[in-house]
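Raw contents of input-v3.cif, mmCIF, C-alpha atoms:
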```cif
data_work
loop_
_atom_site.label_atom_id
_atom_site.label_comp_id
_atom_site.auth_asym_id
_atom_site.auth_seq_id
_atom_site.Cartn_x
_atom_site.Cartn_y
_atom_site.Cartn_z
CA MET A 69 201.13 -23.26 93.57
CA GLY A 70 197.68 -24.59 94.29
CA ILE A 71 196.17 -24.10 90.86
CA THR A 72 197.49 -23.83 87.30
CA CYS A 73 196.90 -20.98 84.86
CA GLU A 74 195.08 -23.33 82.49
CA ALA A 75 192.73 -24.43 85.23
CA ILE A 76 191.98 -20.80 86.01
CA TRP A 77 191.18 -20.03 82.38
CA ARG A 78 188.78 -22.94 82.33
CA GLU A 79 187.04 -21.56 85.40
CA SER A 80 187.32 -17.90 84.46
CA SER A 81 183.72 -17.64 83.28
CA ASN A 82 182.43 -19.24 86.47
CA TYR A 83 184.69 -16.94 88.48
CA ILE A 84 183.13 -13.88 86.82
CA ASP A 85 179.63 -15.28 87.35
CA GLY A 86 180.38 -15.95 91.02
CA THR A 87 179.43 -19.61 90.82
CA LEU A 88 182.66 -21.11 92.18
CA SER A 89 183.04 -22.77 95.54
CA PRO A 90 184.63 -20.49 98.17
CA ASP A 91 187.75 -22.67 98.25
CA LEU A 92 188.34 -22.54 94.53
CA ARG A 93 187.67 -18.83 94.43
CA GLN A 94 190.18 -18.26 97.18
CA SER A 95 192.80 -20.30 95.32
CA ILE A 96 192.29 -18.16 92.24
CA ASP A 97 192.43 -14.94 94.25
CA GLU A 98 195.76 -16.06 95.70
CA HIS A 99 197.09 -17.03 92.28
CA ILE A 100 196.34 -13.74 90.56
CA LYS A 101 198.15 -11.75 93.21
CA THR A 102 201.35 -12.90 91.56
CA CYS A 103 200.25 -13.95 88.04
CA GLN A 104 199.81 -11.03 85.70
CA ALA A 105 198.57 -13.19 82.81
CA CYS A 106 195.65 -14.61 84.78
CA ALA A 107 194.87 -11.22 86.28
CA SER A 108 194.73 -9.85 82.73
CA VAL A 109 192.41 -12.63 81.59
CA LEU A 110 189.99 -12.17 84.47
CA ALA A 111 190.02 -8.38 84.28
CA GLY A 112 189.37 -8.54 80.55
CA LEU A 113 186.53 -11.00 80.91
CA GLN A 114 184.87 -8.90 83.57
CA ASN A 115 185.15 -5.84 81.38
CA ILE A 116 183.66 -7.73 78.43
CA VAL A 117 180.70 -8.88 80.51
CA THR A 118 180.17 -5.37 81.91
CA LEU A 119 180.34 -3.63 78.55
CA TYR A 120 178.13 -6.03 76.60
CA GLY A 121 175.72 -6.23 79.52
CA ASP A 122 175.11 -2.50 79.34
CA GLU A 123 171.60 -1.69 78.21
CA ARG A 124 172.99 0.50 75.44
CA MET A 125 174.15 -2.70 73.73
CA ALA A 126 170.58 -4.06 73.69
CA GLU A 127 168.76 -1.17 72.08
CA LEU A 128 166.10 -1.82 69.50
CA PRO A 129 166.36 -0.05 66.17
CA SER A 130 164.49 3.24 66.08
CA GLY A 131 160.87 2.77 65.15
CA PHE A 132 160.94 -0.98 65.77
CA SER A 133 157.88 -0.97 68.00
CA GLN A 134 155.85 1.15 65.61
CA ARG A 135 156.68 -1.06 62.67
CA LEU A 136 155.85 -4.18 64.68
CA HIS A 137 152.58 -2.64 65.76
CA ARG A 138 151.65 -1.89 62.18
CA ARG A 139 152.61 -5.35 61.03
CA LEU A 140 150.47 -6.94 63.71
CA GLU A 141 147.63 -4.57 63.00
CA ALA A 142 147.74 -5.48 59.33
CA ASN A 143 147.74 -9.21 59.97
CA MET A 144 145.44 -9.80 62.90
CA PRO A 145 141.88 -10.83 62.30
CA THR A 146 139.42 -8.24 63.51
CA THR A 147 137.50 -9.41 66.49
CA ARG A 148 136.49 -7.92 69.77
CA ARG A 149 138.37 -4.72 70.24
CA ASN A 150 140.35 -3.64 73.18
CA PHE A 151 141.48 -0.23 72.20
CA PHE A 152 142.67 0.48 75.72
CA GLY A 153 145.07 -2.43 75.45
CA TRP A 154 146.55 -1.13 72.25
CA ALA A 155 146.73 2.40 73.53
CA VAL A 156 148.59 1.45 76.70
CA ALA A 157 150.99 -0.84 74.87
CA LEU A 158 151.66 1.63 72.09
CA ALA A 159 152.14 4.51 74.51
CA GLY A 160 154.70 2.43 76.36
CA SER A 161 156.56 1.55 73.22
CA VAL A 162 156.59 5.15 72.06
CA LEU A 163 158.06 6.23 75.38
CA ALA A 164 160.62 3.44 75.24
CA VAL A 165 161.80 4.20 71.77
CA GLY A 166 161.64 7.93 72.14
CA GLY A 167 159.15 9.01 69.55
CA ILE A 168 158.15 8.06 66.09
CA GLU A 169 161.16 7.58 63.89
CA LEU A 170 160.94 8.16 60.19
CA SER A 171 164.51 7.63 59.17
CA ARG A 172 163.98 3.94 58.48
CA ALA A 173 160.78 4.48 56.58
CA SER A 174 162.02 2.35 53.73
CA HIS A 175 161.84 -0.67 56.01
CA GLN A 176 158.57 0.09 57.72
CA VAL A 177 156.48 -2.86 56.64
CA PRO A 178 158.08 -5.87 55.00
CA ASP A 179 156.77 -7.17 51.71
CA SER A 180 155.58 -10.36 53.30
CA ILE A 181 152.44 -8.62 54.50
CA SER A 182 150.77 -9.23 51.21
CA LYS A 183 151.44 -12.95 51.31
CA LEU A 184 150.23 -13.17 54.89
CA SER A 185 147.12 -11.10 54.43
CA GLN A 186 143.87 -12.87 53.85
CA PRO A 187 142.28 -12.44 50.42
CA LEU A 188 139.49 -9.92 50.27
CA ALA A 189 136.06 -11.42 50.89
CA LYS A 190 134.36 -8.81 48.71
CA PRO A 191 135.80 -5.93 46.78
CA ILE A 192 136.21 -2.53 48.33
CA PRO A 193 134.12 0.00 46.34
CA PRO A 194 136.72 1.64 44.12
CA ASP A 195 135.25 5.13 44.51
CA MET A 196 135.06 4.97 48.29
CA GLN A 197 136.88 7.86 49.95
CA VAL A 198 139.76 6.71 52.14
CA VAL A 199 142.83 8.26 53.72
CA ALA A 200 146.45 7.24 54.16
CA SER A 201 149.21 8.87 56.18
CA GLU A 202 152.45 9.98 54.61
CA LYS A 203 154.64 7.07 55.64
CA GLY A 204 151.90 4.53 56.32
CA ARG A 205 151.37 1.33 54.38
CA LEU A 206 147.66 1.10 55.14
CA PHE A 207 144.64 3.05 54.05
CA HIS A 208 141.72 3.77 56.33
CA LEU A 209 138.30 5.31 56.62
CA ALA A 210 138.77 8.89 57.81
CA ALA A 211 137.24 8.14 61.20
CA CYS A 212 139.48 5.17 61.94
CA PRO A 213 141.12 5.58 65.38
CA PHE A 214 144.17 3.59 64.30
CA ILE A 215 145.65 6.03 61.84
CA ILE A 216 149.27 6.76 62.61
CA ASN A 217 150.68 10.21 61.79
CA ARG A 218 147.20 11.57 61.30
CA GLU A 219 148.59 15.05 60.65
CA THR A 220 150.06 13.83 57.36
CA ILE A 221 147.00 12.09 55.90
CA ARG A 222 146.07 12.36 52.23
CA HIS A 223 142.58 11.79 50.87
CA MET A 224 142.07 9.49 47.91
CA THR A 225 139.77 6.85 46.51
CA ALA A 226 140.20 3.21 47.42
CA SER A 227 141.25 2.36 43.88
CA VAL A 228 144.07 4.92 44.03
CA ALA A 229 145.16 3.58 47.41
CA LEU A 230 145.26 0.03 46.08
CA ALA A 231 147.11 1.19 42.98
CA GLU A 232 149.73 2.79 45.24
CA GLY A 233 150.27 -0.58 46.88
CA LEU A 234 148.62 0.35 50.16
CA SER A 235 146.78 -2.32 52.15
CA PRO A 236 143.35 -1.86 53.75
CA CYS A 237 143.24 -1.35 57.49
CA THR A 238 141.97 -4.55 59.06
CA ARG A 239 139.99 -2.59 61.61
CA CYS A 240 138.00 0.12 59.92
CA LEU A 241 137.67 -1.86 56.67
CA SER A 242 137.05 -5.21 58.29
CA LYS A 243 133.73 -5.75 56.56
CA TYR A 244 135.62 -6.02 53.29
CA LEU A 245 138.18 -8.50 54.63
CA MET B 14 165.88 -7.36 84.37
CA THR B 15 164.51 -10.84 84.74
CA PHE B 16 163.66 -12.63 81.56
CA LEU B 17 160.72 -14.66 82.69
CA PRO B 18 158.12 -13.70 85.25
CA GLU B 19 159.44 -15.05 88.52
CA ASN B 20 156.62 -13.39 90.32
CA PRO B 21 153.57 -15.70 90.42
CA ALA B 22 151.32 -12.67 89.98
CA GLU B 23 153.12 -11.72 86.77
CA ALA B 24 152.97 -15.29 85.51
CA ALA B 25 149.26 -15.38 86.31
CA TYR B 26 148.75 -12.07 84.51
CA GLU B 27 150.52 -13.48 81.47
CA ALA B 28 148.39 -16.62 81.59
CA GLU B 29 145.25 -14.52 81.80
CA LEU B 30 146.35 -12.43 78.83
CA MET B 31 146.92 -15.58 76.81
CA GLN B 32 143.52 -16.93 77.74
CA ARG B 33 141.82 -13.71 76.70
CA ILE B 34 143.74 -13.60 73.42
CA LYS B 35 142.72 -17.18 72.67
CA SER B 36 139.14 -16.17 73.42
CA GLY B 37 139.29 -13.50 70.77
CA GLU B 38 140.78 -10.37 72.32
CA HIS B 39 143.59 -10.35 69.79
CA ASP B 40 144.57 -6.78 70.51
CA LEU B 41 146.00 -7.89 73.84
CA PHE B 42 148.69 -9.84 72.03
CA TYR B 43 150.84 -6.75 71.67
CA ARG B 44 150.79 -6.31 75.42
CA LEU B 45 151.77 -9.95 75.88
CA ILE B 46 154.81 -9.81 73.64
CA GLN B 47 156.02 -6.32 74.47
CA PRO B 48 158.25 -7.37 77.41
CA TYR B 49 160.06 -9.73 75.03
CA ASP B 50 160.49 -7.64 71.90
CA ARG B 51 164.13 -6.72 72.58
CA ARG B 52 165.06 -10.31 73.19
CA VAL B 53 163.27 -11.52 70.11
CA TYR B 54 165.13 -8.99 67.98
CA ALA B 55 168.48 -9.72 69.64
CA ALA B 56 168.01 -13.47 69.24
CA ALA B 57 167.30 -13.05 65.54
CA LEU B 58 170.26 -10.70 65.12
CA SER B 59 172.54 -13.18 66.85
CA ILE B 60 171.83 -15.64 64.06
CA VAL B 61 171.65 -13.51 60.91
CA ARG B 62 173.83 -10.51 61.85
CA ASN B 63 171.88 -8.12 59.64
CA GLU B 64 169.59 -5.59 61.28
CA ALA B 65 166.97 -5.47 58.55
CA ASP B 66 166.76 -9.27 58.32
CA ALA B 67 166.66 -9.54 62.11
CA GLU B 68 163.75 -7.13 62.33
CA ASP B 69 161.87 -8.99 59.62
CA ILE B 70 162.49 -12.30 61.38
CA ALA B 71 161.41 -10.81 64.71
CA GLN B 72 158.13 -9.66 63.17
CA ASP B 73 157.58 -13.00 61.42
CA SER B 74 158.29 -14.89 64.63
CA ILE B 75 155.91 -12.78 66.67
CA LEU B 76 153.19 -13.23 64.07
CA LYS B 77 153.88 -16.94 64.02
CA ALA B 78 153.53 -17.05 67.81
CA PHE B 79 150.19 -15.28 67.47
CA ARG B 80 148.94 -17.71 64.85
CA HIS B 81 150.04 -20.74 66.84
CA LEU B 82 149.08 -19.46 70.26
CA SER B 83 146.37 -22.10 70.50
CA GLN B 84 149.13 -24.72 70.35
CA PHE B 85 150.91 -23.22 73.31
CA ARG B 86 150.25 -25.64 76.17
CA GLY B 87 152.31 -24.03 78.86
CA GLU B 88 154.96 -26.75 79.15
CA ALA B 89 157.50 -23.97 78.65
CA ARG B 90 156.98 -20.38 79.59
CA PHE B 91 155.70 -18.08 76.92
CA GLY B 92 158.97 -16.12 76.67
CA THR B 93 160.99 -19.29 76.15
CA TRP B 94 158.56 -20.55 73.55
CA LEU B 95 158.63 -17.23 71.69
CA LEU B 96 162.42 -17.21 71.62
CA GLN B 97 162.53 -20.82 70.42
CA ILE B 98 160.27 -19.85 67.53
CA THR B 99 162.56 -16.90 66.78
CA ILE B 100 165.75 -18.95 66.81
CA ASN B 101 164.20 -21.57 64.52
CA GLU B 102 162.84 -18.92 62.18
CA ALA B 103 166.22 -17.18 62.02
CA ARG B 104 168.05 -20.43 61.32
CA MET B 105 165.64 -21.31 58.52
CA ARG B 106 166.09 -17.85 57.02
CA LYS B 107 169.84 -18.15 57.31
CA ARG B 108 169.84 -21.47 55.52
CA ARG B 109 167.93 -19.88 52.68
CA MET B 110 170.41 -17.01 52.54
CA ARG B 111 173.41 -19.22 52.90
CA ALA B 112 174.43 -19.13 49.28
CA ARG B 113 175.20 -15.45 49.57
CA ALA B 114 176.29 -15.49 53.18
CA MET B 115 179.99 -15.33 53.97
CA GLU B 116 180.61 -17.14 57.19
CA SER B 117 183.26 -15.66 59.39
CA ILE B 118 186.66 -17.09 59.90
CA SER B 119 185.37 -18.31 63.19
CA ASP B 120 183.49 -21.08 61.47
CA GLN B 121 186.49 -23.06 62.50
CA GLN B 122 185.61 -22.35 66.08
CA ASN B 123 184.54 -25.48 67.87
CA ASP B 124 184.18 -26.94 71.28
CA GLU B 125 187.12 -29.31 70.93
CA GLY B 126 189.81 -28.74 73.52
CA ASP B 127 190.31 -25.72 75.72
CA TYR B 128 190.44 -22.23 74.33
CA MET B 129 193.69 -20.60 75.29
CA PRO B 130 193.77 -16.83 75.73
CA ARG B 131 196.31 -15.15 73.48
CA GLU B 132 196.59 -11.67 74.94
CA PHE B 133 198.16 -11.20 78.32
CA ALA B 134 199.08 -7.56 78.34
CA ASP B 135 197.72 -5.53 81.18
CA TRP B 136 194.05 -5.19 80.42
CA ARG B 137 193.04 -1.58 80.41
CA GLU B 138 189.49 -1.27 81.45
CA ILE B 139 187.09 0.22 78.93
CA PRO B 140 184.81 2.36 81.05
CA SER B 141 181.09 1.96 80.46
CA GLU B 142 180.87 5.65 79.62
CA SER B 143 182.87 4.95 76.49
CA LEU B 144 179.77 3.23 75.07
CA GLU B 145 178.59 6.74 74.27
CA ARG B 146 181.27 6.70 71.59
CA LYS B 147 180.12 5.20 68.36
CA GLU B 148 183.48 3.67 67.47
CA ILE B 149 183.51 1.71 70.71
CA ARG B 150 180.04 0.31 70.11
CA THR B 151 180.98 -0.48 66.52
CA ALA B 152 184.09 -2.31 67.70
CA LEU B 153 182.04 -4.36 70.15
CA VAL B 154 179.48 -5.23 67.49
CA GLU B 155 182.22 -6.20 65.05
CA ALA B 156 183.89 -8.37 67.65
CA LEU B 157 180.60 -10.12 68.31
CA SER B 158 180.10 -10.60 64.58
CA SER B 159 183.43 -12.38 64.36
CA LEU B 160 182.09 -15.23 66.48
CA SER B 161 180.35 -18.13 64.84
CA GLU B 162 176.66 -18.54 65.42
CA LYS B 163 176.81 -21.09 68.19
CA TYR B 164 178.97 -18.87 70.38
CA ARG B 165 177.28 -15.64 69.42
CA SER B 166 173.78 -16.87 70.18
CA VAL B 167 174.78 -18.11 73.64
CA PHE B 168 176.65 -14.90 74.42
CA VAL B 169 173.80 -12.65 73.24
CA LEU B 170 171.14 -14.48 75.22
CA ARG B 171 173.24 -14.83 78.36
CA ASP B 172 175.39 -11.70 78.57
CA ILE B 173 173.41 -9.12 76.61
CA GLN B 174 169.85 -10.25 77.24
CA HIS B 175 170.65 -11.63 80.70
CA LEU B 176 168.89 -14.95 80.47
CA SER B 177 170.03 -17.53 83.00
CA ILE B 178 172.15 -20.50 81.96
CA GLU B 179 169.07 -22.73 82.19
CA GLU B 180 166.87 -20.37 80.16
CA THR B 181 169.54 -20.02 77.49
CA ALA B 182 169.80 -23.82 77.32
CA ARG B 183 166.05 -24.20 76.91
CA VAL B 184 165.80 -21.57 74.19
CA LEU B 185 168.69 -23.01 72.18
CA GLU B 186 167.72 -26.59 73.02
CA ILE B 187 171.18 -27.51 74.22
CA SER B 188 172.43 -28.65 77.62
CA PRO B 189 173.36 -26.19 80.38
CA GLY B 190 176.87 -27.65 80.21
CA SER B 191 177.13 -26.70 76.55
CA VAL B 192 175.91 -23.20 77.36
CA LYS B 193 178.70 -22.82 79.93
CA THR B 194 181.36 -24.18 77.59
CA ARG B 195 180.31 -21.93 74.73
CA LEU B 196 179.94 -18.93 76.97
CA LEU B 197 183.46 -19.31 78.29
CA ARG B 198 184.87 -19.53 74.78
CA ALA B 199 182.79 -16.64 73.53
CA ARG B 200 183.95 -14.39 76.35
CA LEU B 201 187.60 -15.36 75.92
CA MET B 202 187.47 -14.89 72.16
CA LEU B 203 185.85 -11.48 72.53
CA ARG B 204 188.47 -10.49 75.02
CA ASP B 205 191.26 -11.50 72.65
CA PHE B 206 189.53 -9.82 69.73
CA LEU B 207 189.19 -6.54 71.59
CA SER B 208 192.54 -6.57 73.35
CA PRO B 209 194.52 -4.80 70.63
CA GLY B 210 192.22 -1.80 70.82
CA LEU B 211 192.39 -1.75 74.53
CA ASN B 212 196.02 -0.93 74.97
CA GLY B 213 195.22 2.55 75.99
CA GLN B 214 193.62 4.03 72.93
CA TRP B 215 190.03 3.40 74.01
CA SER B 216 190.57 4.03 77.63
CA ALA B 217 189.26 7.41 78.66
CA THR B 218 190.52 6.92 82.18
CA PRO B 219 193.93 5.85 83.45
CA ALA B 220 194.52 2.14 83.39
CA PHE B 221 193.92 0.44 86.66
CA ALA B 222 197.05 -0.10 88.65
CA LYS B 223 198.88 -3.33 88.24
CA GLY B 224 197.62 -5.86 90.71
CA ASN B 225 194.40 -3.99 91.22
CA LYS B 226 191.32 -6.04 90.39
CA PRO B 227 188.75 -3.88 88.65
CA TRP B 228 186.06 -6.53 88.87
CA GLU B 229 185.82 -6.18 92.63
#
```

This structure in C-alpha cells:
Amino acid sequence: MGITCEAIWRESSNYIDGTLSPDLRQSIDEHIKTCQACASVLAGLQNIVTLYGDERMAELPSGFSQRLHRRLEANMPTTRRNFFGWAVALAGSVLAVGGIELSRASHQVPDSISKLSQPLAKPIPPDMQVVASEKGRLFHLAACPFIINRETIRHMTASVALAEGLSPCTRCLSKYL
Amino acid sequence: MTFLPENPAEAAYEAELMQRIKSGEHDLFYRLIQPYDRRVYAAALSIVRNEADAEDIAQDSILKAFRHLSQFRGEARFGTWLLQITINEARMRKRRMRARAMESISDQQNDEGDYMPREFADWREIPSESLERKEIRTALVEALSSLSEKYRSVFVLRDIQHLSIEETARVLEISPGSVKTRLLRARLMLRDFLSPGLNGQWSATPAFAKGNKPWE
C-alpha cells in the first residue's frame, strides 16, 4: 500500500480541486480501486462540491435588487445625474431577479434609513401635492422619473406622506434635503 | 464566474467607474456594485444565518462602501474590499445579537487534529436536478447552518461563490493554509451531515455502481 486512508482524507479536498501532484493523484487513484471507504469519501466530497456550487444555491432573495436600489436611492446625495446608468443597472437586476416581487414587502426598506438620512435643510411645504406608490417607502413629485410601481401611485399632501412614515425622494425633492 | 476582473479592460472599467463616482456621479455606484451583490449577500448570510439580517447587512455594507469610497486606495481590488466590509459588518452585528443567538453544536468544531469522516457507506450521488426539490435545498441549507462560522464562511466564499483560495484568504484575512484546512473540514462535515439522507431516499437516479467514480 503506497498511501494510507488517513493521508487520503487529508488530501481529499486537494484531490477534488485537482491541485495534487500527478504522482500523489495516481497513488490515490490506485488506492480507491480497492478501498470502498476512501472511494465513498471522495465521491461524497465531489457531490457536495457539485451540489453547493450549483447556481441555484446562490440565488438572491426575490426583490433583493429592487430593495437595494431603493435603499441606495434614499441615501445617496443628489448630484449630477446619470439616469442612463441607473436604467441599465436596474433593467439588468430586474431581468436577473425575474420581475418585481411584492411578497417580501414587509422587508422592503429597513428602518435604518431614517437614521442614515440627512436632516432636512428646510421644511417641505405641508400642502405640497406629492405621490407615493403602493408598496414604496418614498414620496415623490408626480413628474419624478424614479417612481417605482407608478401604476399604483396615490396622491396626497406632503404632510400626509410624512405622517404615514414615508421619506422624501432624494432626487425630485432634493432642494428640500 | 470569476470573482474579480481578471481582464485588464474590466479592471480599467471598474477603476473608471470609481473615479467618476468619486467625482460626483453617484448614480454609477449601483453599476459598480451590481456584479458583487450576490457575494455580498452570501457573505453576510454565512455569518448571521438569517436571511432578513443578511439582507440588511448587505445593504448597510454597500452603503458603507459608498460612503467610504474616497478611502479606497486600490491596494486591494474593489470586490475584495467590499466583501471585507461585509464580513466585518456581519460580525459586528452578530456580536450585538449574540445574547439571543444560539450557536450550533459545531461551536466545538476546531482546527485541532484531523477530521475523520464517519460515514463510509456507498455514497449515492445526489443529482443536480434534485435541487429543484425544495426538501433537498432545505437539507443542504440546514447542513450548512450546522457548521460554525469559521467553516461556513470559508465554504460559502470558496464553494458557493467560487472565490479562489487566495481571494477567500484576503476577504477573511486569514492565511491560504487556513482556508484549505477549514475548507477540507467543512466539506467532510457536510458530507457526514448529509450522508444519512443520501442512502437512496434522495437519489432520483440509480446509485452509481460500486467502484465507479462519479467525479470523473

(request) For Ser166 in chain B, please output as an MDAnalysis selection string all residues within 12 Å (counting all atoms listed in the file; exclusion window: fewer than 3 positions along the same chain). (result) chainID B and resid 52:62 96:97 99:100 103:104 157:158 160:163 169:174 176 181:182 184:187 192 195:196 199

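Note that the spacing between CA of Cys106 in chain A and CA of Arg93 in chain A amounts to 13.2 Å.
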
(request) Enumerate, as a PyMOL selection string, the protein, DNA and RNA residues whose atoms approach (185.9, -8.1, 79.7) to within 10 Å, taking into account only C-alpha atoms and the coordinate frame of the file. (result) (chain A and resi 84+108-120) or (chain B and resi 136-139+200-201+203-205+207-208+228)

(request) Using all atoms listed in the file, pick whichever of B:Ile98, B:Leu41, B:Met31, B:Ala78 has the shortest atom-to-atom distance to chain A. (result) B:Leu41

(message) Could you list, as a ChimeraX atom specification, every residue matched by the PyMOL selection byres ((chain A and resi 237) around 7) in this structure?
(response) /A:142,206-208,235-236,238-241

Give me the residues within 12 Å of range 89-91 of chain A as a PDB file with C-alpha atoms, in the frame of the given file, counting only C-alpha atoms and dropping any in the same chain fewer than 5 places off.
```pdb
ATOM      1  CA  GLY A  70     197.680 -24.590  94.290  1.00  0.00           C
ATOM      2  CA  ILE A  71     196.170 -24.100  90.860  1.00  0.00           C
ATOM      3  CA  GLU A  79     187.040 -21.560  85.400  1.00  0.00           C
ATOM      4  CA  ASN A  82     182.430 -19.240  86.470  1.00  0.00           C
ATOM      5  CA  TYR A  83     184.690 -16.940  88.480  1.00  0.00           C
ATOM      6  CA  ILE A  96     192.290 -18.160  92.240  1.00  0.00           C
ATOM      7  CA  ASP A  97     192.430 -14.940  94.250  1.00  0.00           C
ATOM      8  CA  GLU A  98     195.760 -16.060  95.700  1.00  0.00           C
TER       9      GLU A  98
END
```

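The gap separating CA of Arg139 in chain A from CA of Ala226 in chain A is 20.3 Å, in Å to one decimal.
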
(request) Could you tell me how far CA of Arg33 in chain B lies from CA of Gln47 in chain B, in Å and to one decimal? (result) 16.2 Å

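Closest approach to chain A among B:His175, B:Arg183, B:Arg86, B:Arg109 is made by B:His175 (distances from only C-alpha atoms).
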
(message) When the PyMOL selection byres ((chain A and resi 215) around 12) is applied to the structure above, which residues does it catch, written out as a count of residues only?
(response) 34
